[in-house]
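Colleague: First, the structure itself, so that you have it in front of you.
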Amino acid sequence: MTVVEDRRSRRTRGALRDALVSLVLERGYAAVTVEDIVAAADVGRATFYTHFRDKEALYDHVVSSVLEELEERLAEVLAPEDAGFTGQPVAEVFRHASERPDAYRMILRGEGDGRGLRAFEDAWSATAHETFTARVKANAVRPRVDLQVLARAWVGEQMAVLLWWLDAPEPRPATDQVVETLVELSRRGRFWATGFDPDSR
């Protein structure tokens, strides 16, 4: 494939991705057809099938592209094992979501029978579990909660807040403010967050 062909192919795939996401948010995944997608992307039906087997393959491509981009960005900001909760990974997720808000909305709302949501949750939970495990070992502490449970709970919390933030009307809370709240919640817990004095338990 020549450079020109490769560039054209990337543009076509990008147009198809954007068309799918826009249509799904407008109509719902089940109501969108390949015909709708090619019309919105302004490409031929044959061109679509050159790149993707069906609508499901295009959807999976959107999800995998978001995950790959996020994994690359998180790899650059994940703190050393003994750094504690810096908030940098959470901030990076929010920054990435602000750059691709519609794709995140589609995934986090569970469109596509929740397939993308589950993939996102599994990948993010695996990263969180690896990070928590490394931090526990580096600091020679004993977890009070199973780290698998902790990772899933933490990720579920981030995903719920992220979708709320994306759907919030403008002007929505600043990213730094939301991230700071989530970091404090991670450090201090829900008991503290709801106003109770830890010594009163």
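Ligands are numbered from 1 in the order shown, chains are lettered A, B, ... in the order of the structure tokens, and residues start at 1 in each chain.
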Among segment 2-164 of chain A, which ones does DSSP place in helix (DSSP H, G or I), written as number ranges by chain?

Modeller: A: 3-27, 29-31, 34-41, 45-51, 55-77, 88-99, 101-108, 115-139, 147-164

Colleague: Would you list the contacts of Glu71 of chain A as a list in words, taking every protein, DNA or RNA residue within 12 Å and counting only C-alpha atoms, but skipping same-chain residues closer than 3 positions in sequence?

Modeller: Ser64, Ser65, Val66, Leu67, Glu68, Leu74, Ala75, Glu76, Val77, Leu78, Pro89, Glu92, Val93, His96, Phe120, Ala123, Trp124, Ala126, Thr127 and Ala128 of chain A

Colleague: Pull C-alpha atoms from the residues just selected and write them as an mmCIF file, in the first residue's frame.

Modeller:
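After the write, again-v1.cif holds the following:
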```cif
data_model
loop_
_atom_site.group_PDB
_atom_site.id
_atom_site.type_symbol
_atom_site.label_atom_id
_atom_site.label_comp_id
_atom_site.auth_asym_id
_atom_site.auth_seq_id
_atom_site.Cartn_x
_atom_site.Cartn_y
_atom_site.Cartn_z
ATOM 1 C CA SER A 64 -10.368 -0.965 20.487
ATOM 2 C CA SER A 65 -9.043 2.328 19.113
ATOM 3 C CA VAL A 66 -10.187 4.178 22.243
ATOM 4 C CA LEU A 67 -8.678 1.527 24.508
ATOM 5 C CA GLU A 68 -5.363 1.465 22.643
ATOM 6 C CA LEU A 74 -1.752 5.782 30.867
ATOM 7 C CA ALA A 75 1.602 4.045 30.362
ATOM 8 C CA GLU A 76 3.230 7.476 30.289
ATOM 9 C CA VAL A 77 1.712 8.720 33.547
ATOM 10 C CA LEU A 78 1.413 5.666 35.792
ATOM 11 C CA PRO A 89 -3.946 8.403 35.610
ATOM 12 C CA GLU A 92 -5.343 11.454 31.833
ATOM 13 C CA VAL A 93 -8.555 9.447 31.400
ATOM 14 C CA HIS A 96 -8.664 11.655 26.754
ATOM 15 C CA PHE A 120 -13.515 -1.027 28.780
ATOM 16 C CA ALA A 123 -9.156 -3.530 30.538
ATOM 17 C CA TRP A 124 -9.242 -0.670 33.030
ATOM 18 C CA ALA A 126 -6.810 -5.199 34.869
ATOM 19 C CA THR A 127 -4.570 -2.114 34.794
ATOM 20 C CA ALA A 128 -5.860 -0.977 38.187
#
```

Colleague: List the neighbours of Ser98 of chain A out to 10 Å using only C-alpha atoms; skip same-chain residues closer than 3 positions along the sequence, and give me the result as a list in words.

Modeller: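 Near Ser98 of chain A, the qualifying residues are Glu92, Val93, Phe94, Arg95, Pro101, Asp102, Tyr104, Leu162, Trp165, Leu166 and Thr175 of chain A.
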
Colleague: Could you turn the residues from that selection into a file that holds N, CA, C and O atoms, as a PDB file, in the first residue's frame?

Modeller:
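Saved the output as part28.pdb:
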```
ATOM      1  N   GLU A  92      -5.607  11.788  33.232  1.00  0.00           N
ATOM      2  CA  GLU A  92      -5.343  11.454  31.833  1.00  0.00           C
ATOM      3  C   GLU A  92      -6.577  10.836  31.176  1.00  0.00           C
ATOM      4  O   GLU A  92      -6.864  11.093  30.005  1.00  0.00           O
ATOM      5  N   VAL A  93      -7.314  10.016  31.920  1.00  0.00           N
ATOM      6  CA  VAL A  93      -8.555   9.447  31.400  1.00  0.00           C
ATOM      7  C   VAL A  93      -9.539  10.564  31.059  1.00  0.00           C
ATOM      8  O   VAL A  93     -10.152  10.572  29.989  1.00  0.00           O
ATOM      9  N   PHE A  94      -9.679  11.514  31.960  1.00  0.00           N
ATOM     10  CA  PHE A  94     -10.608  12.618  31.717  1.00  0.00           C
ATOM     11  C   PHE A  94     -10.157  13.482  30.543  1.00  0.00           C
ATOM     12  O   PHE A  94     -10.983  13.939  29.745  1.00  0.00           O
ATOM     13  N   ARG A  95      -8.852  13.696  30.413  1.00  0.00           N
ATOM     14  CA  ARG A  95      -8.346  14.465  29.266  1.00  0.00           C
ATOM     15  C   ARG A  95      -8.635  13.737  27.965  1.00  0.00           C
ATOM     16  O   ARG A  95      -9.056  14.340  26.974  1.00  0.00           O
ATOM     17  N   PRO A 101     -15.169  12.738  23.269  1.00  0.00           N
ATOM     18  CA  PRO A 101     -16.343  12.618  24.148  1.00  0.00           C
ATOM     19  C   PRO A 101     -17.444  11.728  23.603  1.00  0.00           C
ATOM     20  O   PRO A 101     -18.058  10.969  24.365  1.00  0.00           O
ATOM     21  N   ASP A 102     -17.722  11.806  22.315  1.00  0.00           N
ATOM     22  CA  ASP A 102     -18.831  11.016  21.775  1.00  0.00           C
ATOM     23  C   ASP A 102     -18.521   9.519  21.795  1.00  0.00           C
ATOM     24  O   ASP A 102     -19.410   8.705  22.087  1.00  0.00           O
ATOM     25  N   TYR A 104     -16.602   8.015  23.946  1.00  0.00           N
ATOM     26  CA  TYR A 104     -16.724   7.620  25.351  1.00  0.00           C
ATOM     27  C   TYR A 104     -18.187   7.512  25.761  1.00  0.00           C
ATOM     28  O   TYR A 104     -18.571   6.583  26.483  1.00  0.00           O
ATOM     29  N   LEU A 162     -17.222   9.629  35.248  1.00  0.00           N
ATOM     30  CA  LEU A 162     -16.810  10.113  33.934  1.00  0.00           C
ATOM     31  C   LEU A 162     -18.018  10.328  33.023  1.00  0.00           C
ATOM     32  O   LEU A 162     -18.119  11.362  32.338  1.00  0.00           O
ATOM     33  N   TRP A 165     -19.910  13.335  34.131  1.00  0.00           N
ATOM     34  CA  TRP A 165     -19.176  14.555  33.760  1.00  0.00           C
ATOM     35  C   TRP A 165     -19.356  14.858  32.273  1.00  0.00           C
ATOM     36  O   TRP A 165     -19.593  16.010  31.898  1.00  0.00           O
ATOM     37  N   LEU A 166     -19.274  13.835  31.427  1.00  0.00           N
ATOM     38  CA  LEU A 166     -19.441  14.044  29.986  1.00  0.00           C
ATOM     39  C   LEU A 166     -20.841  14.526  29.644  1.00  0.00           C
ATOM     40  O   LEU A 166     -21.030  15.317  28.710  1.00  0.00           O
ATOM     41  N   THR A 175     -12.054  19.711  35.150  1.00  0.00           N
ATOM     42  CA  THR A 175     -11.427  18.396  35.263  1.00  0.00           C
ATOM     43  C   THR A 175     -10.630  18.267  36.552  1.00  0.00           C
ATOM     44  O   THR A 175     -10.724  17.262  37.267  1.00  0.00           O
TER      45      THR A 175
END
```

Colleague: Extract, using only C-alpha atoms, all DNA, RNA and protein residues at most 12 Å from Arg115 of chain A, discarding same-chain residues fewer than 2 positions from it, and format them as a list in words.

Modeller: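 So, after excluding close chain neighbours, the residues are Tyr29, Glu56, Ala57, Tyr59, Asp60, His61, Val62, Val63, Ser64, Met106, Ile107, Leu108, Arg109, Gly110, Glu111, Gly112, Asp113, Leu117, Arg118, Ala119, Phe120, Glu121 and Asp122 of chain A.
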
Colleague: Could those residues be written to a file, using C-alpha atoms, as a short mmCIF file (atom, residue, chain, number, x, y, z; two decimals), in the first residue's frame?

Modeller:
```cif
data_model
loop_
_atom_site.label_atom_id
_atom_site.label_comp_id
_atom_site.auth_asym_id
_atom_site.auth_seq_id
_atom_site.Cartn_x
_atom_site.Cartn_y
_atom_site.Cartn_z
CA TYR A 29 -27.07 1.10 18.24
CA GLU A 56 -20.31 -5.04 14.74
CA ALA A 57 -16.74 -5.08 13.42
CA TYR A 59 -18.15 -0.90 16.56
CA ASP A 60 -15.39 -3.15 17.92
CA HIS A 61 -12.85 -1.09 15.98
CA VAL A 62 -14.09 2.10 17.64
CA VAL A 63 -13.83 0.52 21.10
CA SER A 64 -10.37 -0.97 20.49
CA MET A 106 -21.30 5.58 23.29
CA ILE A 107 -19.17 3.11 25.22
CA LEU A 108 -20.07 4.18 28.75
CA ARG A 109 -23.80 4.26 27.99
CA GLY A 110 -23.59 0.56 27.11
CA GLU A 111 -24.50 0.88 23.44
CA GLY A 112 -23.79 -2.24 21.39
CA ASP A 113 -25.34 -4.60 23.97
CA LEU A 117 -18.58 -1.16 28.21
CA ARG A 118 -17.49 -4.60 29.40
CA ALA A 119 -14.28 -4.45 27.36
CA PHE A 120 -13.52 -1.03 28.78
CA GLU A 121 -14.25 -2.12 32.35
CA ASP A 122 -12.18 -5.32 32.01
#
```

Colleague: Could you give me, as a list of chain:residue names, the residues within 7 Å of His129 of chain A, counting only C-alpha atoms and dropping anything in the same chain fewer than 2 positions from it?

Modeller: A:Ser125, A:Ala126, A:Thr127, A:Thr131, A:Phe132, A:Thr133, A:Leu147, A:Gln148, A:Ala151

Colleague: Taking only C-alpha atoms into account, name the residue in A:Val90, A:Leu58, A:Asp146, A:Glu180 that is nearest to Arg73 of chain A.

Modeller: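 Looking only at the distances to Arg73 of chain A, the closest residue turns out to be A:Val90.
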
Colleague: Can you pull out the residues contacting Thr47 of chain A? Cut-off 10 Å, using only C-alpha atoms, and skip same-chain residues under 5 positions away; I want them as number ranges by chain.

Modeller: A: 9, 12-13, 38, 52

Colleague: So that I have them on file, write out the residues from the current selection with N, CA and C atoms, as a PDB file, in the first residue's frame.

Modeller:
```
ATOM      1  N   SER A   9      -6.974   5.478   3.296  1.00  0.00           N
ATOM      2  CA  SER A   9      -7.609   4.417   4.076  1.00  0.00           C
ATOM      3  C   SER A   9      -7.881   4.885   5.507  1.00  0.00           C
ATOM      4  N   THR A  12     -10.835   7.226   5.484  1.00  0.00           N
ATOM      5  CA  THR A  12     -12.099   6.503   5.293  1.00  0.00           C
ATOM      6  C   THR A  12     -12.525   5.815   6.576  1.00  0.00           C
ATOM      7  N   ARG A  13     -11.587   5.141   7.235  1.00  0.00           N
ATOM      8  CA  ARG A  13     -11.924   4.458   8.476  1.00  0.00           C
ATOM      9  C   ARG A  13     -12.334   5.461   9.552  1.00  0.00           C
ATOM     10  N   VAL A  38     -22.835   4.373   5.792  1.00  0.00           N
ATOM     11  CA  VAL A  38     -22.149   4.788   4.558  1.00  0.00           C
ATOM     12  C   VAL A  38     -22.720   6.107   4.047  1.00  0.00           C
ATOM     13  N   PHE A  52     -14.494  -3.188   6.791  1.00  0.00           N
ATOM     14  CA  PHE A  52     -15.128  -3.854   7.926  1.00  0.00           C
ATOM     15  C   PHE A  52     -16.111  -4.918   7.452  1.00  0.00           C
TER      16      PHE A  52
END
```
